[in-house]
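Heads up, input16.tsv below (TSV, C-alpha atoms):
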chain	number	residue	atom	x	y	z
F	1	MET	CA	34.70	-17.43	36.95
F	2	ASP	CA	32.97	-18.70	33.81
F	3	LEU	CA	30.67	-16.56	31.62
F	4	PRO	CA	27.30	-17.90	32.90
F	5	THR	CA	28.39	-17.25	36.48
F	6	GLN	CA	29.51	-13.74	35.60
F	7	LEU	CA	26.19	-13.00	33.88
F	8	ALA	CA	24.23	-14.36	36.83
F	9	SER	CA	26.13	-12.04	39.17
F	10	LEU	CA	25.26	-8.91	37.16
F	11	SER	CA	23.21	-6.19	38.80
F	12	TYR	CA	19.73	-5.40	37.49
F	13	LYS	CA	21.06	-2.32	35.70
F	14	ASP	CA	23.84	-4.29	34.03
F	15	THR	CA	21.37	-7.00	33.02
F	16	MET	CA	19.18	-4.40	31.31
F	17	LEU	CA	22.21	-2.94	29.57
F	18	ALA	CA	23.11	-6.44	28.39
F	19	THR	CA	19.57	-6.80	26.99
F	20	VAL	CA	19.92	-3.52	25.09
F	21	ALA	CA	23.34	-4.56	23.78
F	22	ALA	CA	21.95	-7.93	22.66
F	23	ALA	CA	19.14	-6.19	20.76
F	24	LEU	CA	21.64	-3.91	19.00
F	25	PHE	CA	23.79	-6.92	18.14
F	26	THR	CA	20.72	-8.71	16.75
F	27	HIS	CA	20.06	-5.74	14.48
F	28	LEU	CA	23.66	-5.90	13.30
F	29	VAL	CA	23.29	-9.61	12.49
F	30	PHE	CA	20.12	-8.96	10.48
F	31	LYS	CA	21.81	-6.10	8.67
F	32	ARG	CA	24.88	-8.17	7.77
F	33	THR	CA	23.19	-11.45	6.84
F	34	GLU	CA	19.64	-10.40	5.82
F	35	THR	CA	18.57	-13.85	6.92
F	36	HIS	CA	15.03	-14.99	6.17
F	37	GLU	CA	15.49	-18.56	7.34
F	38	PRO	CA	12.74	-19.26	9.93
F	39	THR	CA	15.07	-21.12	12.29
F	40	HIS	CA	17.61	-18.29	12.25
F	41	VAL	CA	14.92	-15.64	12.74
F	42	ALA	CA	13.39	-17.61	15.62
F	43	ALA	CA	16.79	-18.02	17.28
F	44	LEU	CA	17.46	-14.27	17.09
F	45	LEU	CA	14.00	-12.95	17.96
F	46	LEU	CA	12.95	-15.60	20.47
F	47	GLY	CA	16.07	-17.44	21.57
F	48	VAL	CA	18.14	-14.39	22.52
F	49	PRO	CA	15.51	-12.68	24.75
F	50	THR	CA	14.62	-16.06	26.28
F	51	VAL	CA	18.22	-16.58	27.40
F	52	LEU	CA	18.37	-13.03	28.74
F	53	THR	CA	15.19	-13.62	30.70
F	54	LEU	CA	16.95	-16.33	32.68
F	55	PHE	CA	19.45	-13.78	33.98
F	56	VAL	CA	16.78	-11.19	34.76
F	57	THR	CA	14.85	-13.75	36.80
F	58	SER	CA	17.25	-13.40	39.71
F	59	HIS	CA	16.21	-9.74	40.01
F	60	ALA	CA	12.46	-10.29	39.52
F	61	ASN	CA	9.66	-11.63	41.69
F	62	SER	CA	8.80	-14.35	39.19
F	63	ILE	CA	9.66	-15.68	35.75
F	64	PHE	CA	6.60	-13.91	34.33
F	65	THR	CA	7.84	-10.55	35.63
F	66	ALA	CA	11.21	-11.23	34.04
F	67	ILE	CA	9.52	-12.04	30.72
F	68	PHE	CA	7.40	-8.87	30.82
F	69	VAL	CA	10.56	-6.82	31.43
F	70	THR	CA	13.07	-8.51	29.12
F	71	PHE	CA	11.03	-9.11	25.98
F	72	PRO	CA	9.57	-5.56	25.68
F	73	THR	CA	13.00	-4.05	26.41
F	74	PHE	CA	14.63	-6.24	23.78
F	75	TYR	CA	11.98	-5.62	21.08
F	76	ALA	CA	11.71	-1.89	21.82
F	77	THR	CA	15.48	-1.44	21.52
F	78	LEU	CA	15.59	-3.52	18.34
F	79	SER	CA	12.70	-1.56	16.79
F	80	ILE	CA	14.17	1.84	17.68
F	81	SER	CA	17.58	0.82	16.34
F	82	ILE	CA	16.08	-0.35	13.04
F	83	ILE	CA	13.93	2.76	12.60
F	84	LEU	CA	16.77	5.16	13.39
F	85	TYR	CA	19.08	3.38	10.95
F	86	ARG	CA	16.50	3.37	8.15
F	87	LEU	CA	15.93	7.11	8.60
F	88	SER	CA	19.58	8.01	9.08
F	89	PRO	CA	21.97	9.39	6.43
F	90	MET	CA	24.03	6.20	6.83
F	91	HIS	CA	21.41	4.10	5.05
F	92	PRO	CA	22.40	3.29	1.42
F	93	LEU	CA	19.04	4.60	0.13
F	94	ALA	CA	18.95	7.73	2.31
F	95	LYS	CA	19.38	10.09	-0.66
F	96	TYR	CA	16.23	8.87	-2.42
F	97	PRO	CA	12.92	10.59	-1.57
F	98	GLY	CA	9.86	8.77	-0.34
F	99	PRO	CA	7.13	8.75	2.32
F	100	LEU	CA	8.21	8.37	5.93
F	101	MET	CA	6.07	5.26	6.44
F	102	CYS	CA	7.63	3.57	3.41
F	103	ARG	CA	11.17	4.34	4.55
F	104	ILE	CA	10.46	2.78	7.94
F	105	SER	CA	8.59	-0.38	7.00
F	106	LYS	CA	6.90	-2.35	4.22
F	107	LEU	CA	3.82	-2.89	6.36
F	108	TRP	CA	2.08	0.19	4.92
F	109	LEU	CA	2.42	-1.04	1.32
F	110	ALA	CA	1.44	-4.55	2.39
F	111	PHE	CA	-1.77	-3.08	3.80
F	112	LEU	CA	-2.43	-1.14	0.58
F	113	SER	CA	-1.86	-4.23	-1.55
F	114	LEU	CA	-4.81	-5.94	0.15
F	115	GLY	CA	-7.14	-3.68	-1.82
F	116	GLY	CA	-5.31	-4.25	-5.12
F	117	LYS	CA	-4.53	-0.52	-5.52
F	118	GLN	CA	-0.81	-0.63	-4.89
F	119	HIS	CA	0.00	0.39	-8.47
F	120	MET	CA	-2.14	3.53	-8.14
F	121	TYR	CA	-0.24	4.46	-4.98
F	122	TYR	CA	3.05	4.02	-6.87
F	123	LEU	CA	1.78	6.36	-9.59
F	124	LYS	CA	0.85	8.96	-6.99
F	125	LEU	CA	4.30	8.69	-5.39
F	126	HIS	CA	6.07	9.17	-8.71
F	127	GLU	CA	3.97	12.22	-9.48
F	128	GLN	CA	4.99	13.65	-6.11
F	129	TYR	CA	8.64	12.59	-5.79
F	130	GLY	CA	9.87	12.00	-9.35
F	131	ASP	CA	11.23	9.05	-11.32
F	132	VAL	CA	12.98	7.33	-8.42
F	133	VAL	CA	11.04	6.80	-5.18
F	134	ARG	CA	11.96	4.89	-2.06
F	135	ILE	CA	8.95	2.63	-1.49
F	136	GLY	CA	10.48	0.48	1.23
F	137	PRO	CA	13.39	0.40	3.67
F	138	ASN	CA	15.51	-1.37	1.02
F	139	GLU	CA	13.43	-0.92	-2.12
F	140	LEU	CA	13.14	1.63	-4.91
F	141	SER	CA	10.50	2.15	-7.58
F	142	ILE	CA	11.97	3.49	-10.83
F	143	ARG	CA	9.93	5.16	-13.57
F	144	ASP	CA	12.48	5.74	-16.28
F	145	VAL	CA	12.59	3.97	-19.63
F	146	ALA	CA	16.38	4.37	-19.71
F	147	ALA	CA	16.64	2.09	-16.66
F	148	VAL	CA	14.89	-0.90	-18.28
F	149	LEU	CA	17.88	-2.33	-20.14
F	150	PRO	CA	20.51	-1.86	-17.37
F	151	MET	CA	18.14	-3.39	-14.81
F	152	MET	CA	16.27	-6.06	-16.78
F	153	GLY	CA	18.51	-6.73	-19.77
F	154	PRO	CA	20.84	-9.72	-20.26
F	155	GLN	CA	23.40	-8.18	-17.91
F	156	GLY	CA	20.78	-6.70	-15.60
F	157	LEU	CA	20.36	-6.89	-11.87
F	158	PRO	CA	19.36	-10.15	-10.15
F	159	LYS	CA	15.90	-10.45	-8.66
F	160	GLY	CA	15.60	-9.39	-5.04
F	161	PRO	CA	14.21	-11.25	-1.98
F	162	PHE	CA	10.75	-9.93	-2.94
F	163	TRP	CA	10.24	-13.19	-4.85
F	164	ASP	CA	11.19	-15.45	-1.93
F	165	GLY	CA	8.11	-14.43	0.03
F	166	ARG	CA	5.75	-15.03	-2.92
F	167	ILE	CA	6.63	-18.69	-3.36
F	168	PRO	CA	5.99	-21.30	-0.61
F	169	GLU	CA	9.23	-22.63	0.87
F	170	ALA	CA	8.06	-26.21	0.28
F	171	GLU	CA	7.80	-25.49	-3.47
F	172	THR	CA	10.69	-27.44	-4.98
F	173	THR	CA	10.19	-26.23	-8.56
F	174	ARG	CA	9.80	-22.49	-8.82
F	175	PRO	CA	8.19	-20.71	-11.75
F	176	MET	CA	10.74	-19.14	-14.06
F	177	ILE	CA	9.67	-15.61	-13.20
F	178	ALA	CA	10.60	-16.23	-9.54
F	179	LEU	CA	14.09	-17.65	-10.15
F	180	ARG	CA	16.80	-15.50	-8.56
F	181	ASP	CA	19.72	-17.64	-9.71
F	182	LYS	CA	20.73	-16.22	-13.11
F	183	THR	CA	22.41	-19.46	-14.21
F	184	GLU	CA	19.31	-21.52	-13.48
F	185	HIS	CA	17.12	-18.88	-15.10
F	186	THR	CA	19.21	-19.03	-18.28
F	187	ARG	CA	18.97	-22.82	-18.36
F	188	ARG	CA	15.20	-22.80	-17.90
F	189	ARG	CA	14.68	-19.99	-20.39
F	190	ARG	CA	16.67	-21.60	-23.21
F	191	PRO	CA	13.72	-23.61	-24.66
F	192	TRP	CA	11.66	-20.42	-24.82
F	193	THR	CA	14.28	-18.47	-26.76
F	194	ARG	CA	13.37	-20.05	-30.09
F	195	ALA	CA	9.67	-19.52	-29.50
F	196	PHE	CA	10.18	-15.78	-28.97
F	197	SER	CA	12.71	-15.10	-31.71
F	198	THR	CA	11.93	-12.41	-34.30
F	199	ALA	CA	11.07	-15.00	-36.95
F	200	ALA	CA	8.78	-16.92	-34.59
F	201	LEU	CA	6.94	-13.79	-33.48
F	202	LYS	CA	6.21	-12.87	-37.11
F	203	GLY	CA	4.63	-16.27	-37.52
F	204	TYR	CA	2.23	-15.59	-34.64
F	205	GLU	CA	1.03	-12.28	-36.10
F	206	GLU	CA	-1.80	-13.73	-38.17
F	207	ILE	CA	-3.03	-15.85	-35.26
F	208	ILE	CA	-2.99	-12.98	-32.76
F	209	THR	CA	-4.71	-10.64	-35.25
F	210	SER	CA	-7.47	-13.19	-35.74
F	211	ARG	CA	-7.96	-13.54	-31.99
F	212	CYS	CA	-8.01	-9.74	-31.55
F	213	LEU	CA	-10.75	-9.39	-34.15
F	214	GLN	CA	-12.65	-12.19	-32.46
F	215	LEU	CA	-12.42	-10.36	-29.13
F	216	VAL	CA	-13.65	-7.09	-30.66
F	217	ASP	CA	-16.58	-8.82	-32.40
F	218	THR	CA	-17.58	-10.71	-29.25
F	219	VAL	CA	-17.46	-7.66	-26.99
F	220	GLY	CA	-19.29	-5.60	-29.63
F	221	GLN	CA	-22.23	-8.01	-29.48
F	222	LYS	CA	-22.66	-7.50	-25.74
F	223	THR	CA	-25.25	-5.09	-24.37
F	224	GLY	CA	-24.94	-3.06	-21.20
F	225	ALA	CA	-21.84	-3.02	-18.99
F	226	VAL	CA	-19.01	-5.35	-19.98
F	227	ASP	CA	-16.35	-6.68	-17.60
F	228	MET	CA	-13.32	-6.03	-19.80
F	229	ALA	CA	-10.93	-7.47	-17.20
F	230	GLN	CA	-12.65	-10.83	-17.58
F	231	TRP	CA	-12.63	-10.72	-21.39
F	232	ILE	CA	-9.00	-9.64	-21.56
F	233	SER	CA	-8.19	-12.55	-19.27
F	234	PHE	CA	-10.05	-14.90	-21.62
F	235	PHE	CA	-8.19	-13.44	-24.59
F	236	THR	CA	-4.76	-13.66	-22.96
F	237	TYR	CA	-4.82	-17.08	-21.34
F	238	VAL	CA	-7.47	-19.01	-23.26
F	239	ASP	CA	-7.41	-17.64	-26.81
F	240	ALA	CA	-3.90	-16.30	-27.44
F	241	VAL	CA	-1.58	-18.29	-25.20
F	242	SER	CA	-3.46	-21.59	-25.47
F	243	ASP	CA	-4.21	-21.39	-29.20
F	244	PRO	CA	-3.32	-24.84	-30.60
F	245	LYS	CA	-1.88	-23.23	-33.74
F	246	ILE	CA	0.87	-21.62	-31.63
F	247	PRO	CA	3.66	-24.13	-30.94
F	248	HIS	CA	4.30	-24.78	-27.26
F	249	GLU	CA	7.89	-25.77	-26.68
Could you quickly redo this structure as structure tokens?
Amino acid sequence: MDLPTQLASLSYKDTMLATVAAALFTHLVFKRTETHEPTHVAALLLGVPTVLTLFVTSHANSIFTAIFVTFPTFYATLSISIILYRLSPMHPLAKYPGPLMCRISKLWLAFLSLGGKQHMYYLKLHEQYGDVVRIGPNELSIRDVAAVLPMMGPQGLPKGPFWDGRIPEAETTRPMIALRDKTEHTRRRRPWTRAFSTAALKGYEEIITSRCLQLVDTVGQKTGAVDMAQWISFFTYVDAVSDPKIPHE
């Protein structure tokens, strides 16, 4: 008897157990591969429960009843498995403190970021939990100057998948700040190295000082409330960075 025939002959109870087992296996696949490829995600989250629905149909009154049973069972099992793992001592980041909502999902921080106050929430967390806080299921926020060089220095850690979601997949040329491949980042950064050498930076000092004084004089002439965010933006991107006297490699 082949596998499809065996599955079709399963009792309703066994079919539900197979659905639960498939959900647990799906979690294992996500955990091992951390896939973000849309086709792979769709195959796991839609393809697997769809196939299982076909076997549940023989025990249901209609295909719709089978769908309403299989999909919720699959997603509920998958969700519970993920939450329990993220809160369990087996998780690699279990020893780091952080809010319960942050340890379970990134949805809470995604909601906070809509108001542009995410950085203030980070500050509050560090004041409560210390220099290292778990701000996501697989993410830490570190407030320690000693960690800058080991993490962001020449031999530092590679960028995480955080940057993949910020750049459209159709974007063939990524900005340098979003490059996760260290070899490609080094190649792209090489032309900038000369522009930011110690000697080059000393040459920009007079130009930047002049622009700073210009900013102070301009803001000082204003009356009433002044939008400093706007003026700092002008200073950074229009005056300082785009100054024709600064060489652009």
At what distance in Å, to one decimal, does atom CA of F:Phe25 lie from atom CA of F:Ala76?
13.6 Å
Between atom CA of F:Asp164 and atom CA of F:Ile83, what is the spacing in Å?
23.5 Å
Who sits within 8 Å of F:Leu87, only C-alpha atoms, same chain under 6 positions skipped, as a ChimeraX atom specification:
/F:94,103-104
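Atom pair atom CA of F:Leu179 / atom CA of F:Gln155: separated by 15.4 Å.
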Determine the nearest neighbour of F:Val133 from the options F:Leu93, F:Val148, F:Ala195, F:Ala60, counting all atoms listed in the file.
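Between F:Leu93, F:Val148, F:Ala195, F:Ala60, the residue approaching F:Val133 most closely is F:Leu93.
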